[in-house]
$ cat start.cif   # mmCIF, C-alpha atoms
data_model
loop_
_atom_site.label_atom_id
_atom_site.label_comp_id
_atom_site.auth_asym_id
_atom_site.auth_seq_id
_atom_site.Cartn_x
_atom_site.Cartn_y
_atom_site.Cartn_z
CA MET H 29 122.86 97.37 102.77
CA LYS H 30 119.80 99.61 103.05
CA ASN H 31 120.53 102.84 101.14
CA ILE H 32 122.34 103.52 97.85
CA LEU H 33 123.07 107.00 96.47
CA VAL H 34 123.68 107.91 92.82
CA PRO H 35 124.62 111.53 91.98
CA ILE H 36 123.00 112.43 88.64
CA ASP H 37 124.32 114.88 86.04
CA PHE H 38 122.22 113.40 83.18
CA SER H 39 125.29 112.11 81.30
CA ILE H 40 125.68 108.68 79.71
CA VAL H 41 127.96 107.52 82.53
CA ALA H 42 125.33 108.66 85.07
CA GLU H 43 122.83 106.44 83.25
CA HIS H 44 125.28 103.52 83.51
CA ALA H 45 125.62 104.16 87.26
CA THR H 46 121.83 104.39 87.67
CA ARG H 47 121.22 101.04 85.96
CA LEU H 48 123.84 99.24 88.05
CA ALA H 49 122.54 100.83 91.26
CA MET H 50 118.96 99.84 90.37
CA GLU H 51 120.08 96.23 89.99
CA LEU H 52 121.92 96.32 93.32
CA ALA H 53 118.98 97.93 95.09
CA LYS H 54 116.49 95.41 93.70
CA SER H 55 118.75 92.44 94.48
CA HIS H 56 119.38 93.51 98.06
CA LYS H 57 116.00 95.18 98.75
CA ALA H 58 117.61 98.56 99.32
CA THR H 59 116.30 102.07 98.75
CA LEU H 60 117.93 103.92 95.85
CA HIS H 61 118.32 107.70 96.11
CA LEU H 62 118.98 109.58 92.85
CA LEU H 63 120.55 112.94 93.69
CA HIS H 64 120.58 115.97 91.43
CA VAL H 65 122.78 118.78 92.75
CA MET H 66 122.07 122.25 91.38
CA GLN H 67 124.83 124.81 91.66
CA TYR H 68 124.02 128.47 92.10
CA SER H 69 126.43 131.36 92.59
CA THR H 70 125.38 134.38 94.63
CA VAL H 71 127.02 137.80 94.74
CA SER H 72 125.42 138.82 98.02
CA PRO H 73 127.64 139.82 100.96
CA LEU H 74 128.32 137.41 103.78
CA GLU H 75 126.49 137.67 107.07
CA PRO H 76 128.54 137.48 110.31
CA ASP H 77 127.62 133.77 110.66
CA GLY H 78 129.01 133.01 107.19
CA THR H 79 125.67 132.69 105.38
CA PHE H 80 124.64 134.74 102.36
CA ALA H 81 122.15 137.57 102.72
CA ALA H 82 120.35 136.75 99.47
CA THR H 83 118.43 139.55 97.79
CA THR H 84 114.81 139.15 96.72
CA TYR H 85 116.02 138.74 93.13
CA GLU H 86 118.47 136.01 94.12
CA LYS H 87 115.84 134.16 96.15
CA SER H 88 113.66 134.16 93.06
CA ALA H 89 116.57 132.85 90.97
CA VAL H 90 117.21 130.04 93.47
CA GLU H 91 113.54 129.03 93.40
CA ARG H 92 113.64 128.99 89.59
CA THR H 93 116.81 126.85 89.65
CA LEU H 94 115.12 124.37 92.01
CA ARG H 95 112.02 124.13 89.80
CA GLU H 96 114.16 123.53 86.72
CA GLY H 97 116.11 120.84 88.59
CA GLU H 98 112.90 119.08 89.63
CA ILE H 99 111.70 119.04 86.01
CA LYS H 100 115.03 117.62 84.82
CA LEU H 101 114.93 114.82 87.38
CA ASP H 102 111.28 114.06 86.56
CA ASN H 103 112.23 113.77 82.89
CA TYR H 104 115.21 111.56 83.81
CA PHE H 105 112.91 109.15 85.68
CA GLY H 106 110.74 108.96 82.58
CA LYS H 107 113.68 108.40 80.25
CA MET H 108 115.07 105.61 82.48
CA ASN H 109 111.59 104.06 82.97
CA ILE H 110 111.85 104.35 86.75
CA TYR H 111 108.53 103.68 88.47
CA ASP H 112 109.71 101.70 91.51
CA SER H 113 108.59 103.21 94.81
CA HIS H 114 111.97 102.26 96.32
CA VAL H 115 113.73 104.77 94.03
CA LYS H 116 113.62 108.26 95.54
CA LYS H 117 114.26 111.71 94.06
CA VAL H 118 116.71 113.80 96.07
CA TYR H 119 117.66 117.43 95.40
CA GLY H 120 120.52 119.59 96.60
CA LEU H 121 121.63 123.16 96.02
CA GLY H 122 125.24 124.27 96.36
CA ASP H 123 128.72 122.78 96.13
CA LEU H 124 128.51 119.22 94.81
CA GLU H 125 131.13 117.79 97.16
CA VAL H 126 129.48 119.32 100.25
CA VAL H 127 125.93 118.35 99.23
CA ILE H 128 126.88 114.72 98.55
CA SER H 129 128.75 114.50 101.85
CA ASN H 130 125.73 115.89 103.71
CA LYS H 131 123.31 113.53 101.93
CA ILE H 132 125.48 110.51 102.76
CA ASP H 133 125.12 111.42 106.43
CA GLU H 134 121.48 112.57 106.28
CA LEU H 135 120.19 109.51 104.38
CA ASP H 136 122.47 106.99 106.12
CA ILE H 137 123.96 105.93 102.78
CA ASP H 138 125.78 102.58 102.65
CA LEU H 139 127.10 102.84 99.09
CA VAL H 140 127.59 105.54 96.43
CA VAL H 141 127.59 104.55 92.74
CA MET H 142 128.96 107.10 90.26
CA GLY H 143 129.78 107.34 86.59
CA THR H 144 133.12 108.88 85.66
CA GLN H 145 134.77 109.90 82.41
CA GLY H 146 138.34 109.87 83.77
CA THR H 147 141.13 112.14 82.58
CA SER H 148 144.73 111.83 81.54
CA GLY H 149 147.92 113.85 81.48
CA VAL H 150 148.49 117.18 83.24
CA LYS H 151 144.79 117.93 83.50
CA GLU H 152 144.23 115.41 86.29
CA VAL H 153 146.81 117.18 88.49
CA PHE H 154 145.13 120.57 88.26
CA PHE H 155 141.44 119.72 87.88
CA ASP H 156 139.62 117.25 90.12
CA SER H 157 136.68 115.43 88.61
CA ASN H 158 133.51 115.25 90.65
CA ALA H 159 133.99 111.52 91.16
CA GLU H 160 137.50 112.05 92.52
CA LYS H 161 136.20 114.51 95.11
CA VAL H 162 133.55 112.07 96.26
CA VAL H 163 136.01 109.17 96.48
CA ARG H 164 138.40 111.31 98.51
CA ASN H 165 135.81 112.43 101.05
CA ALA H 166 133.00 109.86 101.25
CA LEU H 167 132.98 107.88 104.47
CA CYS H 168 131.04 105.04 102.86
CA PRO H 169 132.25 102.82 99.99
CA VAL H 170 132.07 104.27 96.46
CA ILE H 171 131.81 102.41 93.15
CA THR H 172 132.81 104.28 89.99
CA ILE H 173 132.18 102.97 86.49
CA LYS H 174 132.90 104.27 82.99
CA ASP H 175 131.00 101.77 80.86
CA GLN H 176 127.69 99.98 81.06
CA THR H 177 128.06 97.43 83.86
CA ARG H 178 125.68 94.73 85.08
CA MET H 179 125.84 92.92 88.40
CA GLU H 180 126.54 89.69 86.56
CA ASP H 181 129.58 91.30 84.91
CA ILE H 182 131.43 91.54 88.25
CA LYS H 183 132.78 88.02 88.75
CA LYS H 184 136.35 88.73 89.88
CA ILE H 185 137.44 91.52 92.24
CA VAL H 186 141.04 92.51 92.98
CA PHE H 187 141.64 94.33 96.26
CA GLY H 188 144.98 96.11 96.58
CA SER H 189 146.41 96.09 100.10
CA ASP H 190 149.72 96.30 101.91
CA LEU H 191 148.26 93.44 104.02
CA ILE H 192 150.15 94.59 107.11
CA TYR H 193 147.67 97.36 108.01
CA THR H 194 144.40 95.88 106.73
CA SER H 195 141.91 96.83 109.46
CA ASP H 196 138.94 94.79 110.66
CA GLN H 197 136.60 97.46 109.25
CA VAL H 198 138.12 97.12 105.78
CA ILE H 199 137.87 93.33 105.98
CA SER H 200 134.21 93.65 107.00
CA ARG H 201 133.52 95.92 104.01
CA LEU H 202 135.36 93.50 101.71
CA LYS H 203 133.04 90.73 102.87
CA GLU H 204 130.07 92.95 102.06
CA LEU H 205 131.52 93.76 98.62
CA GLN H 206 132.15 90.11 97.82
CA ASN H 207 128.62 89.18 98.91
CA LEU H 208 127.18 92.09 96.96
CA PHE H 209 128.33 90.55 93.67
CA ASN H 210 128.94 86.94 94.78
CA ALA H 211 132.40 87.29 93.24
CA GLN H 212 135.84 85.72 93.52
CA LEU H 213 138.05 88.01 95.64
CA TYR H 214 141.80 88.45 95.19
CA ILE H 215 143.66 90.32 97.92
CA VAL H 216 146.95 91.47 96.46
CA ARG H 217 149.99 93.14 97.95
CA VAL H 218 152.15 94.81 95.30
CA ASN H 219 155.82 94.53 96.26
CA THR H 220 157.81 97.44 94.82
CA PRO H 221 161.51 98.32 95.03
CA ASP H 222 160.62 101.09 97.52
CA ASN H 223 158.17 99.02 99.57
CA PHE H 224 159.30 95.41 99.76
CA GLU H 225 158.31 92.95 102.47
CA ARG H 226 159.77 89.50 103.24
CA ASP H 227 157.72 86.39 102.37
CA LYS H 228 157.76 85.16 105.98
CA VAL H 229 156.05 88.33 107.24
CA ILE H 230 153.51 88.29 104.40
CA ARG H 231 152.57 84.65 105.01
CA GLN H 232 151.87 85.33 108.68
CA VAL H 233 149.55 88.23 107.78
CA GLU H 234 147.86 86.20 105.03
CA GLU H 235 146.88 83.53 107.55
CA LYS H 236 145.29 86.10 109.89
CA ILE H 237 143.31 87.75 107.08
CA SER H 238 142.15 84.37 105.72
CA LEU H 239 140.76 83.43 109.13
CA LYS H 240 138.87 86.73 109.39
CA LEU H 241 137.40 86.48 105.87
CA ASP H 242 136.46 82.82 106.26
CA SER H 243 135.61 82.31 102.58
CA GLU H 244 136.60 79.72 99.98
CA ASN H 245 136.43 82.29 97.19
CA VAL H 246 139.33 84.38 98.48
CA THR H 247 142.92 84.28 97.22
CA ILE H 248 145.70 86.23 98.96
CA GLN H 249 149.03 86.76 97.24
CA THR H 250 151.89 89.15 96.43
CA TYR H 251 152.77 90.61 93.05
CA ASN H 252 155.99 92.40 92.06
CA ASP H 253 155.90 95.59 89.99
CA VAL H 254 157.43 99.07 89.77
CA ASN H 255 154.58 100.82 91.65
CA PRO H 256 151.25 99.90 93.31
CA GLU H 257 148.98 101.36 90.63
CA LYS H 258 150.67 99.56 87.73
CA GLY H 259 150.91 96.38 89.79
CA LEU H 260 147.17 96.34 90.48
CA ARG H 261 146.29 97.09 86.88
CA HIS H 262 148.66 94.42 85.56
CA PHE H 263 147.45 91.81 88.05
CA ALA H 264 143.81 92.63 87.29
CA ASP H 265 144.44 92.32 83.55
CA GLU H 266 146.31 89.04 83.91
CA HIS H 267 143.50 87.53 86.00
CA GLU H 268 140.74 89.07 83.86
CA ALA H 269 139.27 90.85 86.88
CA ASP H 270 136.13 92.97 86.47
CA MET H 271 136.63 95.35 89.42
CA ILE H 272 139.58 96.82 91.30
CA ALA H 273 139.04 97.63 94.97
CA LEU H 274 141.23 99.51 97.43
CA GLY H 275 141.33 101.90 100.34
CA THR H 276 141.96 105.62 100.11
CA HIS H 277 143.53 107.96 102.65
CA GLY H 278 141.57 110.98 101.42
CA LEU H 279 144.60 113.23 100.94
CA LYS H 280 143.87 116.90 100.26
CA GLY H 281 145.69 120.07 99.30
CA LEU H 282 149.46 119.92 98.85
CA SER H 283 149.61 116.40 100.25
CA HIS H 284 147.37 115.23 97.43
CA PHE H 285 149.25 117.28 94.83
CA PHE H 286 152.60 115.70 95.68
CA ALA H 287 151.58 112.22 96.85
CA GLY H 288 148.54 111.67 94.69
CA SER H 289 146.01 108.92 95.33
CA ILE H 290 146.29 105.42 93.93
CA ALA H 291 142.49 105.18 93.92
CA GLU H 292 142.12 108.31 91.82
CA ASP H 293 144.94 107.24 89.48
CA LEU H 294 143.16 103.94 88.91
CA MET H 295 139.87 105.71 88.23
CA ASN H 296 141.61 107.67 85.50
CA HIS H 297 143.68 104.89 83.96
CA THR H 298 141.54 101.75 84.04
CA SER H 299 138.32 100.93 82.22
CA LYS H 300 137.32 98.51 84.99
CA ALA H 301 134.88 99.33 87.77
CA VAL H 302 136.62 100.72 90.87
CA TRP H 303 135.45 100.29 94.48
CA THR H 304 136.99 102.40 97.22
CA THR H 305 136.62 102.69 100.96
CA HIS H 306 138.31 104.99 103.46
CA LEU H 307 141.16 103.49 105.44
CA LYS H 308 140.95 104.17 109.16
#
$ encode --input "start.cif" --output "structure tokens"
Amino acid sequence: MKNILVPIDFSIVAEHATRLAMELAKSHKATLHLLHVMQYSTVSPLEPDGTFAATTYEKSAVERTLREGEIKLDNYFGKMNIYDSHVKKVYGLGDLEVVISNKIDELDIDLVVMGTQGTSGVKEVFFDSNAEKVVRNALCPVITIKDQTRMEDIKKIVFGSDLIYTSDQVISRLKELQNLFNAQLYIVRVNTPDNFERDKVIRQVEEKISLKLDSENVTIQTYNDVNPEKGLRHFADEHEADMIALGTHGLKGLSHFFAGSIAEDLMNHTSKAVWTTHLK
């Protein structure tokens, strides 16, 4: 792991994410990029190529917004006592989701760490949090936390999987995650009434995954519950896990509205750290 990105909005949860990311970067000799995205709305007409023909006034406003953002990030570095040369200031202007996606590609980011408040009830159907958007679209793994979290706090990780379609890329990223925290890893398939698999099939898959992971600190098992999200939360609680990990399909639009995302549901309904990676 060489590059870690933390989007900053100067909230308490952003501070939690910064502290955890600083620990990870120091432990693994990685560069930490703290990103402040400034949003600016223009009323100028669109050019034929889709760009805005900003007026002189608007250009001045953008420059002022950028200067203010630089001052905020400078003050944030002071508040957090950040003087390490391996921690970089990164700025972006525009839509948060697009800027983060571009920075992940531009800076060759290996991991994003974000703070999230989480929501509940009807609100989470109609309004996406910033963290949810990043989880849905980021091509690299994302860790979201709600509370202050230290590296040493992550001792047990539960990864939710159907086992049958666990790709080599996901297994490789799981190895990296386990090594990142030197943690015990539980790989759990939640059997539900609508998605039940026979023990014989599961055992065959378990053996293949065990060989690929090649680690003594890995446990693979099934757990019965009414749905995957509740099953993972219940299993994690029963085993006193510190992080829940899983893959996300990155559903959008109507597909996301009707099907939802287990990863995003967990972000909203658990106080534990959540690690996600895209399934391919």
$ atom_distance --input "start.cif" --atom1 "atom CA of H:Ser129" --atom2 "atom CA of H:Glu257"
26.6 Å
$ residues_near_point --input "start.cif" --point "(128.2, 95.5, 85.6)" --cutoff "9 Å" --atoms "all atoms listed in the file" --output "ChimeraX atom specification"
/H:44,47-48,173,175-182,270,301
$ closest_residue --input "start.cif" --among "H:Asn103, H:Thr172, H:Asn210, H:Thr250" --to "H:Phe263" --atoms "all atoms listed in the file"
H:Thr250
$ atom_distance --input "start.cif" --atom1 "atom CA of H:Glu51" --atom2 "atom CA of H:Phe209"
10.7 Å
$ atom_distance --input "start.cif" --atom1 "atom CA of H:Ile215" --atom2 "atom CA of H:Tyr251"
10.3 Å
$ residues_around --input "start.cif" --residues "H:Lys258" --least-positions-apart "3" --cutoff "10 Å" --atoms "only C-alpha atoms" --output "ChimeraX atom specification"
/H:218,252-255,261-264,290,293-294,297
$ closest_residue --input "start.cif" --among "H:Leu101, H:Val127, H:Ile185, H:Ala291" --to "H:Asn245" --atoms "all atoms listed in the file"
H:Ile185
$ residues_near_point --input "start.cif" --point "(148.0, 87.5, 98.2)" --cutoff "7 Å" --atoms "only C-alpha atoms" --output "ChimeraX atom specification"
/H:214-217,234,247-250
$ closest_residue --input "start.cif" --among "H:Asn207, H:Cys168, H:Asp190, H:Ile237" --to "H:Asn223" --atoms "all atoms listed in the file"
H:Asp190
$ closest_residue --input "start.cif" --among "H:Met142, H:Ile171, H:Leu274, H:Ala45" --to "H:Ser189" --atoms "only C-alpha atoms"
H:Leu274
